[in-house]
>>> print(open('entry24.csv').read())   # CSV, C-alpha atoms
chain,number,residue,atom,x,y,z
A,843,SER,CA,163.2,-209.7,-73.7
A,844,GLN,CA,161.9,-212.0,-76.4
A,845,SER,CA,158.8,-214.1,-77.2
A,846,HIS,CA,158.9,-217.7,-78.3
A,847,PRO,CA,157.2,-218.8,-81.6
A,848,PRO,CA,153.6,-220.1,-81.3
A,849,GLY,CA,154.8,-223.6,-81.9
A,850,ASP,CA,157.1,-223.4,-78.9
A,851,GLU,CA,154.3,-222.9,-76.3
A,852,SER,CA,154.8,-224.8,-73.1
A,853,ARG,CA,152.1,-227.0,-71.6
A,854,ASP,CA,151.2,-227.8,-68.0
A,855,PRO,CA,151.4,-231.6,-67.2
A,856,PRO,CA,148.1,-233.3,-68.0
A,857,SER,CA,145.9,-233.7,-65.0
A,858,GLY,CA,142.8,-235.3,-66.5
A,859,ALA,CA,141.8,-232.1,-68.3
A,860,MET,CA,143.0,-230.5,-71.5
A,861,PRO,CA,146.5,-229.1,-70.8
A,862,THR,CA,146.9,-225.3,-70.7
A,863,GLN,CA,148.7,-223.8,-73.6
A,864,TYR,CA,150.8,-220.8,-72.6
A,865,VAL,CA,152.2,-218.0,-74.8
A,866,ARG,CA,155.7,-217.7,-73.4
A,867,PHE,CA,157.8,-214.6,-72.9
A,868,SER,CA,161.0,-213.9,-71.0
A,869,GLY,CA,162.0,-210.8,-69.1
A,870,ALA,CA,160.1,-208.1,-67.3
A,871,ALA,CA,159.8,-205.6,-70.1
A,872,ASP,CA,156.2,-204.7,-71.3
A,873,LEU,CA,154.6,-206.8,-68.6
A,874,ARG,CA,151.5,-204.5,-68.5
A,875,MET,CA,151.0,-204.8,-72.2
A,876,ARG,CA,151.4,-208.6,-72.1
A,877,LEU,CA,148.8,-208.8,-69.4
A,878,VAL,CA,146.4,-206.6,-71.3
A,879,CYS,CA,146.8,-208.5,-74.6
A,880,ALA,CA,146.5,-211.9,-72.8
A,881,THR,CA,143.3,-210.8,-71.0
A,882,LEU,CA,141.6,-209.3,-74.0
A,883,ALA,CA,142.6,-212.3,-76.3
A,884,ASN,CA,141.8,-214.8,-73.5
A,885,ARG,CA,145.2,-216.5,-73.9
A,886,ALA,CA,147.2,-218.0,-71.0
A,887,LEU,CA,150.5,-216.3,-70.5
A,888,ARG,CA,153.8,-217.4,-69.0
A,889,VAL,CA,156.7,-215.0,-68.3
A,890,ASP,CA,160.0,-216.4,-67.2
A,891,ASP,CA,163.4,-215.0,-66.3
A,892,ILE,CA,162.0,-211.9,-64.6
A,893,ARG,CA,165.1,-209.8,-63.6
A,894,VAL,CA,167.1,-213.0,-63.0
A,895,ASN,CA,170.4,-211.1,-63.2
A,896,ASP,CA,169.2,-208.2,-61.0
A,897,GLN,CA,170.5,-207.8,-57.5
A,898,ASN,CA,166.8,-208.0,-56.4
A,899,PRO,CA,165.3,-210.6,-58.8
A,900,GLY,CA,161.7,-211.2,-59.5
A,901,LEU,CA,158.5,-209.2,-59.5
A,902,ARG,CA,158.4,-205.8,-57.9
A,903,ASP,CA,155.8,-204.9,-55.4
A,904,TYR,CA,154.0,-202.6,-57.8
A,905,GLU,CA,153.7,-205.4,-60.4
A,906,ALA,CA,152.2,-207.7,-57.7
A,907,SER,CA,149.8,-204.9,-56.8
A,908,LEU,CA,148.8,-204.6,-60.5
A,909,LEU,CA,148.0,-208.3,-60.6
A,910,ARG,CA,145.8,-207.9,-57.5
A,911,LEU,CA,144.0,-205.0,-59.2
A,912,VAL,CA,143.4,-207.0,-62.4
A,913,ASP,CA,142.0,-209.8,-60.1
A,914,LYS,CA,139.5,-207.3,-58.7
A,915,LEU,CA,138.4,-206.3,-62.2
A,916,THR,CA,138.0,-209.8,-63.6
A,917,ASN,CA,136.3,-213.1,-62.6
A,918,GLY,CA,138.1,-216.4,-62.8
A,919,MET,CA,141.7,-215.1,-63.1
A,920,GLU,CA,144.5,-217.5,-61.9
A,921,VAL,CA,148.0,-216.5,-61.2
A,922,VAL,CA,150.9,-218.8,-60.1
A,923,ILE,CA,154.2,-217.1,-59.1
A,924,ASN,CA,157.2,-219.2,-58.2
A,925,GLU,CA,159.1,-218.9,-54.9
A,926,SER,CA,161.7,-216.5,-56.3
A,927,GLY,CA,159.2,-214.4,-58.2
A,928,THR,CA,161.1,-214.8,-61.4
A,929,SER,CA,158.3,-216.8,-63.2
A,930,VAL,CA,154.6,-216.0,-63.6
A,931,LYS,CA,151.8,-218.1,-65.0
A,932,TYR,CA,148.7,-216.1,-65.8
A,933,LYS,CA,145.3,-217.4,-66.9
A,934,PRO,CA,143.0,-214.5,-67.6
A,935,GLY,CA,139.4,-214.3,-66.4
A,936,LEU,CA,136.4,-212.5,-67.7
A,937,VAL,CA,136.6,-208.7,-67.4
A,938,THR,CA,133.6,-207.8,-65.4
A,939,GLY,CA,134.1,-204.2,-64.2
A,940,GLY,CA,131.6,-203.3,-61.5
A,941,ARG,CA,130.8,-200.7,-58.8
A,942,ARG,CA,132.4,-199.7,-55.6
A,943,ILE,CA,135.8,-201.3,-56.4
A,944,SER,CA,138.8,-199.8,-54.6
A,945,HIS,CA,142.5,-200.4,-54.7
A,946,ASP,CA,145.6,-199.0,-52.9
A,947,CYS,CA,148.4,-198.5,-55.5
A,948,GLY,CA,151.1,-198.0,-52.9
A,949,SER,CA,153.9,-195.6,-53.1
A,950,SER,CA,156.3,-197.3,-55.5
A,951,ARG,CA,154.6,-196.2,-58.7
A,952,GLY,CA,152.1,-193.5,-59.6
A,953,ILE,CA,148.4,-194.1,-60.1
A,954,GLY,CA,148.9,-193.5,-63.8
A,955,TYR,CA,150.8,-196.8,-64.0
A,956,PHE,CA,147.7,-198.6,-63.0
A,957,LEU,CA,145.2,-196.4,-64.9
A,958,GLU,CA,146.7,-197.3,-68.3
A,959,VAL,CA,145.8,-201.0,-67.7
A,960,VAL,CA,142.4,-200.2,-66.3
A,961,LEU,CA,141.3,-198.1,-69.3
A,962,CYS,CA,142.5,-200.7,-71.8
A,963,LEU,CA,140.7,-203.6,-70.1
A,964,CYS,CA,137.5,-202.1,-68.7
A,965,LEU,CA,136.4,-200.4,-71.9
A,966,PHE,CA,135.5,-204.0,-72.8
A,967,ALA,CA,134.1,-205.1,-69.5
A,968,LYS,CA,130.6,-206.6,-68.9
A,969,LYS,CA,129.5,-203.8,-66.7
A,970,PRO,CA,130.5,-200.1,-66.3
A,971,LEU,CA,133.3,-199.5,-63.9
A,972,ASP,CA,133.2,-197.4,-60.7
A,973,LEU,CA,136.8,-197.5,-59.3
A,974,THR,CA,138.6,-195.7,-56.5
A,975,LEU,CA,142.4,-195.7,-56.6
A,976,THR,CA,144.7,-194.3,-53.8
A,977,GLY,CA,148.4,-193.5,-54.1
A,978,ILE,CA,150.6,-191.0,-55.9
A,979,THR,CA,148.6,-188.8,-58.3
A,980,ASN,CA,151.6,-186.7,-59.6
A,981,ASP,CA,155.2,-187.6,-60.1
A,982,GLU,CA,158.0,-187.4,-62.7
A,983,ALA,CA,157.8,-191.1,-63.7
A,984,GLU,CA,154.2,-191.6,-64.6
A,985,THR,CA,151.6,-189.8,-66.6
A,986,SER,CA,149.7,-187.6,-64.1
A,987,VAL,CA,146.0,-188.1,-63.3
A,988,ASP,CA,145.5,-184.5,-64.7
A,989,THR,CA,146.7,-185.6,-68.1
A,990,PHE,CA,144.4,-188.6,-68.0
A,991,ARG,CA,141.5,-186.3,-67.2
A,992,THR,CA,142.3,-183.6,-69.8
A,993,VAL,CA,143.8,-185.7,-72.6
A,994,THR,CA,143.0,-189.4,-72.4
A,995,LEU,CA,139.4,-189.2,-71.4
A,996,PRO,CA,138.4,-186.8,-74.2
A,997,MET,CA,140.2,-189.1,-76.6
A,998,LEU,CA,138.1,-192.0,-75.3
A,999,LYS,CA,134.9,-190.0,-75.6
A,1000,ARG,CA,135.7,-189.1,-79.2
A,1001,ASN,CA,136.8,-192.5,-80.5
A,1002,PHE,CA,135.1,-195.2,-78.3
A,1003,GLY,CA,131.5,-193.9,-77.9
A,1004,VAL,CA,131.7,-193.6,-74.1
A,1005,GLU,CA,130.5,-190.0,-73.8
A,1006,GLU,CA,127.8,-190.6,-71.1
A,1007,GLY,CA,129.1,-191.3,-67.6
A,1008,LEU,CA,132.8,-191.0,-68.3
A,1009,THR,CA,134.3,-189.0,-65.4
A,1010,MET,CA,137.4,-188.8,-63.3
A,1011,THR,CA,137.4,-186.9,-59.9
A,1012,ILE,CA,140.6,-186.0,-58.1
A,1013,ALA,CA,139.6,-186.2,-54.4
A,1014,LYS,CA,143.0,-185.8,-52.9
A,1015,ARG,CA,146.5,-185.1,-54.2
A,1016,GLY,CA,149.5,-187.3,-53.3
A,1017,VAL,CA,153.2,-187.0,-54.2
A,1018,SER,CA,156.1,-189.3,-53.6
A,1019,PRO,CA,157.1,-190.7,-51.1
A,1020,GLY,CA,154.1,-190.2,-48.8
A,1021,ALA,CA,151.4,-190.9,-51.5
A,1022,GLY,CA,147.9,-190.3,-49.9
A,1023,GLY,CA,146.2,-189.2,-53.1
A,1024,GLU,CA,142.8,-190.5,-54.2
A,1025,ILE,CA,140.9,-190.5,-57.5
A,1026,ASN,CA,137.6,-191.9,-58.6
A,1027,LEU,CA,137.0,-193.2,-62.1
A,1028,LYS,CA,133.6,-193.9,-63.7
A,1029,LEU,CA,134.1,-195.7,-67.0
A,1030,PRO,CA,131.3,-196.9,-69.3
A,1031,ILE,CA,131.8,-199.8,-71.6
A,1032,ALA,CA,132.7,-199.1,-75.3
A,1033,ARG,CA,129.7,-199.3,-77.6
A,1034,SER,CA,131.6,-199.2,-80.9
A,1035,LEU,CA,135.1,-199.0,-82.4
A,1036,VAL,CA,135.8,-196.7,-85.2
A,1037,ALA,CA,138.8,-196.1,-87.4
A,1038,ILE,CA,141.2,-193.5,-86.0
A,1039,ASP,CA,143.2,-191.1,-88.2
A,1040,TRP,CA,145.7,-189.0,-86.3
A,1041,CYS,CA,148.3,-188.3,-89.0
A,1042,ASP,CA,147.9,-184.5,-88.9
A,1043,GLU,CA,148.9,-183.1,-85.6
A,1044,GLY,CA,148.0,-179.5,-86.6
A,1045,LEU,CA,149.1,-176.3,-84.9
A,1046,VAL,CA,148.6,-175.4,-81.3
A,1047,LYS,CA,145.8,-172.8,-80.9
A,1048,ARG,CA,145.3,-172.8,-77.1
A,1049,VAL,CA,146.9,-174.1,-73.9
A,1050,ARG,CA,145.1,-174.9,-70.6
A,1051,GLY,CA,146.5,-176.3,-67.4
A,1052,VAL,CA,146.5,-176.7,-63.7
A,1053,ALA,CA,149.2,-175.8,-61.1
A,1054,PHE,CA,148.6,-177.8,-57.9
A,1055,THR,CA,150.1,-177.3,-54.5
A,1056,LEU,CA,150.0,-179.7,-51.6
A,1057,ARG,CA,150.9,-178.7,-48.0
A,1058,VAL,CA,152.9,-175.7,-49.3
A,1059,SER,CA,152.1,-172.1,-49.6
A,1060,PRO,CA,149.3,-171.3,-52.2
A,1061,GLN,CA,151.6,-168.6,-53.5
A,1062,THR,CA,153.7,-171.4,-55.0
A,1063,GLY,CA,150.9,-172.2,-57.4
A,1064,ASN,CA,150.9,-168.6,-58.6
A,1065,ARG,CA,154.6,-168.7,-59.1
A,1066,LEU,CA,154.2,-171.8,-61.3
A,1067,VAL,CA,151.5,-170.1,-63.4
A,1068,ASP,CA,153.6,-166.9,-63.8
A,1069,ALA,CA,156.7,-168.8,-64.9
A,1070,SER,CA,154.8,-170.9,-67.4
A,1071,ARG,CA,152.9,-168.0,-68.9
A,1072,GLY,CA,156.1,-166.0,-69.1
A,1073,VAL,CA,157.3,-168.6,-71.7
A,1074,LEU,CA,154.0,-169.6,-73.4
A,1075,ASN,CA,152.6,-166.1,-74.0
A,1076,LYS,CA,155.6,-165.4,-76.3
A,1077,PHE,CA,154.1,-167.8,-78.7
A,1078,LEU,CA,150.3,-167.6,-78.3
A,1079,PRO,CA,147.9,-165.4,-76.3
A,1080,ASP,CA,145.3,-168.0,-75.4
A,1081,VAL,CA,146.9,-169.5,-72.3
A,1082,TYR,CA,144.9,-170.1,-69.1
A,1083,ILE,CA,146.3,-172.0,-66.1
A,1084,PHE,CA,144.3,-172.3,-62.9
A,1085,THR,CA,145.6,-173.2,-59.4
A,1086,ASP,CA,144.5,-176.2,-57.2
A,1087,HIS,CA,145.6,-175.9,-53.6
A,1088,HIS,CA,145.3,-178.9,-51.2
A,1089,ALA,CA,145.9,-178.3,-47.5
A,1090,GLY,CA,146.7,-182.0,-47.0
A,1091,ASP,CA,146.9,-182.8,-43.3
A,1092,GLY,CA,143.6,-182.8,-41.4
A,1093,LYS,CA,141.7,-182.1,-44.6
A,1094,ASN,CA,139.5,-184.5,-46.6
A,1095,GLY,CA,140.1,-187.3,-44.0
A,1096,GLN,CA,143.8,-187.4,-44.5
A,1097,LYS,CA,145.8,-188.4,-41.4
A,1098,LYS,CA,148.0,-185.8,-39.9
A,1099,GLY,CA,151.6,-186.1,-41.1
A,1100,ARG,CA,150.9,-188.6,-43.8
A,1101,SER,CA,150.9,-186.5,-47.0
A,1102,THR,CA,154.2,-185.3,-48.4
A,1103,PRO,CA,154.5,-181.6,-49.4
A,1104,GLY,CA,154.8,-181.0,-53.1
A,1105,PHE,CA,153.7,-179.1,-56.1
A,1106,GLY,CA,153.5,-179.5,-59.9
A,1107,LEU,CA,152.1,-178.4,-63.2
A,1108,SER,CA,150.1,-180.1,-65.9
A,1109,LEU,CA,149.5,-178.5,-69.3
A,1110,VAL,CA,147.4,-179.5,-72.3
A,1111,ALA,CA,147.6,-178.0,-75.7
A,1112,GLU,CA,144.8,-178.2,-78.2
A,1113,THR,CA,145.6,-178.0,-81.9
A,1114,THR,CA,143.7,-176.9,-85.0
A,1115,THR,CA,142.9,-180.5,-85.9
A,1116,GLY,CA,141.5,-181.4,-82.5
A,1117,CYS,CA,144.6,-183.2,-81.1
A,1118,LEU,CA,145.4,-182.9,-77.5
A,1119,ILE,CA,149.1,-182.8,-76.3
A,1120,GLY,CA,149.8,-183.1,-72.6
A,1121,ALA,CA,152.9,-182.4,-70.5
A,1122,ASP,CA,153.6,-182.8,-66.7
A,1123,VAL,CA,156.1,-181.9,-64.1
A,1124,ALA,CA,156.0,-182.5,-60.4
A,1125,SER,CA,158.3,-182.1,-57.4
A,1126,SER,CA,158.3,-182.8,-53.7
A,1127,ALA,CA,158.8,-179.6,-51.7
A,1128,GLY,CA,162.4,-178.6,-51.5
A,1129,THR,CA,163.6,-180.5,-54.6
A,1130,ALA,CA,163.0,-177.7,-57.1
A,1131,ALA,CA,161.9,-174.1,-57.2
A,1132,ALA,CA,158.5,-173.3,-58.7
A,1133,GLU,CA,160.1,-171.2,-61.5
A,1134,GLU,CA,162.3,-174.2,-62.4
A,1135,LEU,CA,159.3,-176.4,-62.9
A,1136,GLY,CA,157.3,-173.8,-64.9
A,1137,SER,CA,160.0,-172.8,-67.3
A,1138,PRO,CA,161.2,-176.2,-68.8
A,1139,PHE,CA,158.0,-176.5,-70.9
A,1140,GLY,CA,159.3,-173.9,-73.3
A,1141,ASP,CA,162.8,-173.0,-72.2
A,1142,ASP,CA,165.4,-175.6,-72.8
A,1143,ASP,CA,168.4,-173.6,-71.8
A,1144,GLY,CA,166.9,-172.1,-68.6
A,1145,ASP,CA,167.8,-168.5,-69.5
A,1146,GLY,CA,164.1,-167.5,-69.7
A,1147,ASP,CA,164.1,-166.5,-73.3
A,1148,GLY,CA,161.9,-169.5,-74.5
A,1149,ASP,CA,164.6,-170.9,-76.8
>>> encode(input="entry24.csv", output="structure tokens")
Amino acid sequence: SQSHPPGDESRDPPSGAMPTQYVRFSGAADLRMRLVCATLANRALRVDDIRVNDQNPGLRDYEASLLRLVDKLTNGMEVVINESGTSVKYKPGLVTGGRRISHDCGSSRGIGYFLEVVLCLCLFAKKPLDLTLTGITNDEAETSVDTFRTVTLPMLKRNFGVEEGLTMTIAKRGVSPGAGGEINLKLPIARSLVAIDWCDEGLVKRVRGVAFTLRVSPQTGNRLVDASRGVLNKFLPDVYIFTDHHAGDGKNGQKKGRSTPGFGLSLVAETTTGCLIGADVASSAGTAAAEELGSPFGDDDGDGDGD
């Protein structure tokens, strides 16, 4: 994937108005970051040759879903996608934010894939954001919503002046492939930007976490906690992991048979310099034992000795 020099920007054919100057890229890599930068800089973007050599060329369904989400968060956005989906022209709109916005993220990628874009854009929106996202809350591919809540949001509070009104609520859990999870994000707009110095990571002084279970025995959560503490307590005593059980079907408005059984673990370590370090694992029921998920955080060889 490569970008073309500024002097090589393509132009739409003139139609009585000033032609649009596009910043051009090729390939599907870093599409989210390109959309974020183009929107915040108010620059038109063109991406060509999207997976042209792939057996299934063009945009994926989750990338099209991301464009629809950005459209809901902005005003005046324009997108043109060619018939094969291998070329996208994007003209950004004004980031407006707003209340009572909802979006279904689908089951191809986790909610974290979309949250990263939302946080980057809506810190600079015209209005505070009240957004509900549905989909997969925990999986192996994306950062979990728990890590966003315990690591990312405190970072935003500390460095972007958005302490009041910044909350994330996990209403329902969802794992792949059934999805069915739901979160609500309330995000104020950034009041100021300050210099950030995170050169000194420090030493870990405490670990907190959550072990969730969805449509499996609540005892599975206790097994996750025991396996993790069995490793972490060899290095530091201040470890607390609580359990979060979701019954799934028939609860919280979920349709019977929709949610996929699963379980997982999210840990966050706080260091002596105030840094937060997060780690996640998740599994659909039957793909891994609870002890296998709990031990990899500190036990690389699986022998239980923490080495």
>>> atom_distance(input="entry24.csv", atom1="CA of Gly1063 in chain A", atom2="CA of Asn980 in chain A")
14.7 Å
>>> residues_around(input="entry24.csv", residues="range 869-876 of chain A", least_positions_apart="3", cutoff="7 Å", atoms="only C-alpha atoms", output="list in words")
Ser843, Cys879, Ala880, Val889, Asp890, Asp891, Ile892, Arg893 and Val959 of chain A
>>> write_last_selection(input="entry24.csv", atoms="C-alpha atoms", output="compact mmCIF listing (two decimals), in the coordinates of the input")
# COMPACT_ATOMS: atom_id res chain seq x y z
CA SER A 843 163.20 -209.70 -73.70
CA CYS A 879 146.80 -208.50 -74.60
CA ALA A 880 146.50 -211.90 -72.80
CA VAL A 889 156.70 -215.00 -68.30
CA ASP A 890 160.00 -216.40 -67.20
CA ASP A 891 163.40 -215.00 -66.30
CA ILE A 892 162.00 -211.90 -64.60
CA ARG A 893 165.10 -209.80 -63.60
CA VAL A 959 145.80 -201.00 -67.70
>>> atom_distance(input="entry24.csv", atom1="CA of Thr994 in chain A", atom2="CA of Gly1120 in chain A")
9.3 Å
>>> residues_around(input="entry24.csv", residues="Tyr955 in chain A", least_positions_apart="3", cutoff="12 Å", atoms="only C-alpha atoms", output="ChimeraX atom specification")
/A:873-875,904-905,907-908,911,947-952,958-961,975,977-987,990
>>> closest_residue(input="entry24.csv", among="A:Pro1060, A:Gly940, A:Gly1051, A:Gly935", to="Arg885 in chain A", atoms="all atoms listed in the file")
A:Gly935
>>> residues_around(input="entry24.csv", residues="Pro996 in chain A", least_positions_apart="2", cutoff="12 Å", atoms="only C-alpha atoms", output="VMD selection string")
chain A and resid 989 to 994 998 to 1006 1008 to 1010 1110 1112 1116 to 1119
>>> write_last_selection(input="entry24.csv", atoms="C-alpha atoms", output="compact mmCIF listing (two decimals), in the frame of the given file")
# COMPACT_ATOMS: atom_id res chain seq x y z
CA THR A 989 146.70 -185.60 -68.10
CA PHE A 990 144.40 -188.60 -68.00
CA ARG A 991 141.50 -186.30 -67.20
CA THR A 992 142.30 -183.60 -69.80
CA VAL A 993 143.80 -185.70 -72.60
CA THR A 994 143.00 -189.40 -72.40
CA LEU A 998 138.10 -192.00 -75.30
CA LYS A 999 134.90 -190.00 -75.60
CA ARG A 1000 135.70 -189.10 -79.20
CA ASN A 1001 136.80 -192.50 -80.50
CA PHE A 1002 135.10 -195.20 -78.30
CA GLY A 1003 131.50 -193.90 -77.90
CA VAL A 1004 131.70 -193.60 -74.10
CA GLU A 1005 130.50 -190.00 -73.80
CA GLU A 1006 127.80 -190.60 -71.10
CA LEU A 1008 132.80 -191.00 -68.30
CA THR A 1009 134.30 -189.00 -65.40
CA MET A 1010 137.40 -188.80 -63.30
CA VAL A 1110 147.40 -179.50 -72.30
CA GLU A 1112 144.80 -178.20 -78.20
CA GLY A 1116 141.50 -181.40 -82.50
CA CYS A 1117 144.60 -183.20 -81.10
CA LEU A 1118 145.40 -182.90 -77.50
CA ILE A 1119 149.10 -182.80 -76.30
>>> closest_residue(input="entry24.csv", among="A:Asn917, A:Ser1034, A:Asn1026, A:Ser1018", to="Gly1106 in chain A", atoms="all atoms listed in the file")
A:Ser1018
>>> atom_distance(input="entry24.csv", atom1="CA of Thr938 in chain A", atom2="CA of Gln863 in chain A")
23.5 Å
>>> closest_residue(input="entry24.csv", among="A:Met997, A:Ile943, A:Leu1078, A:Ala1089", to="Trp1040 in chain A", atoms="only C-alpha atoms")
A:Met997
>>> closest_residue(input="entry24.csv", among="A:Lys1028, A:Arg866, A:Arg888, A:His1088", to="Gly939 in chain A", atoms="only C-alpha atoms")
A:Lys1028
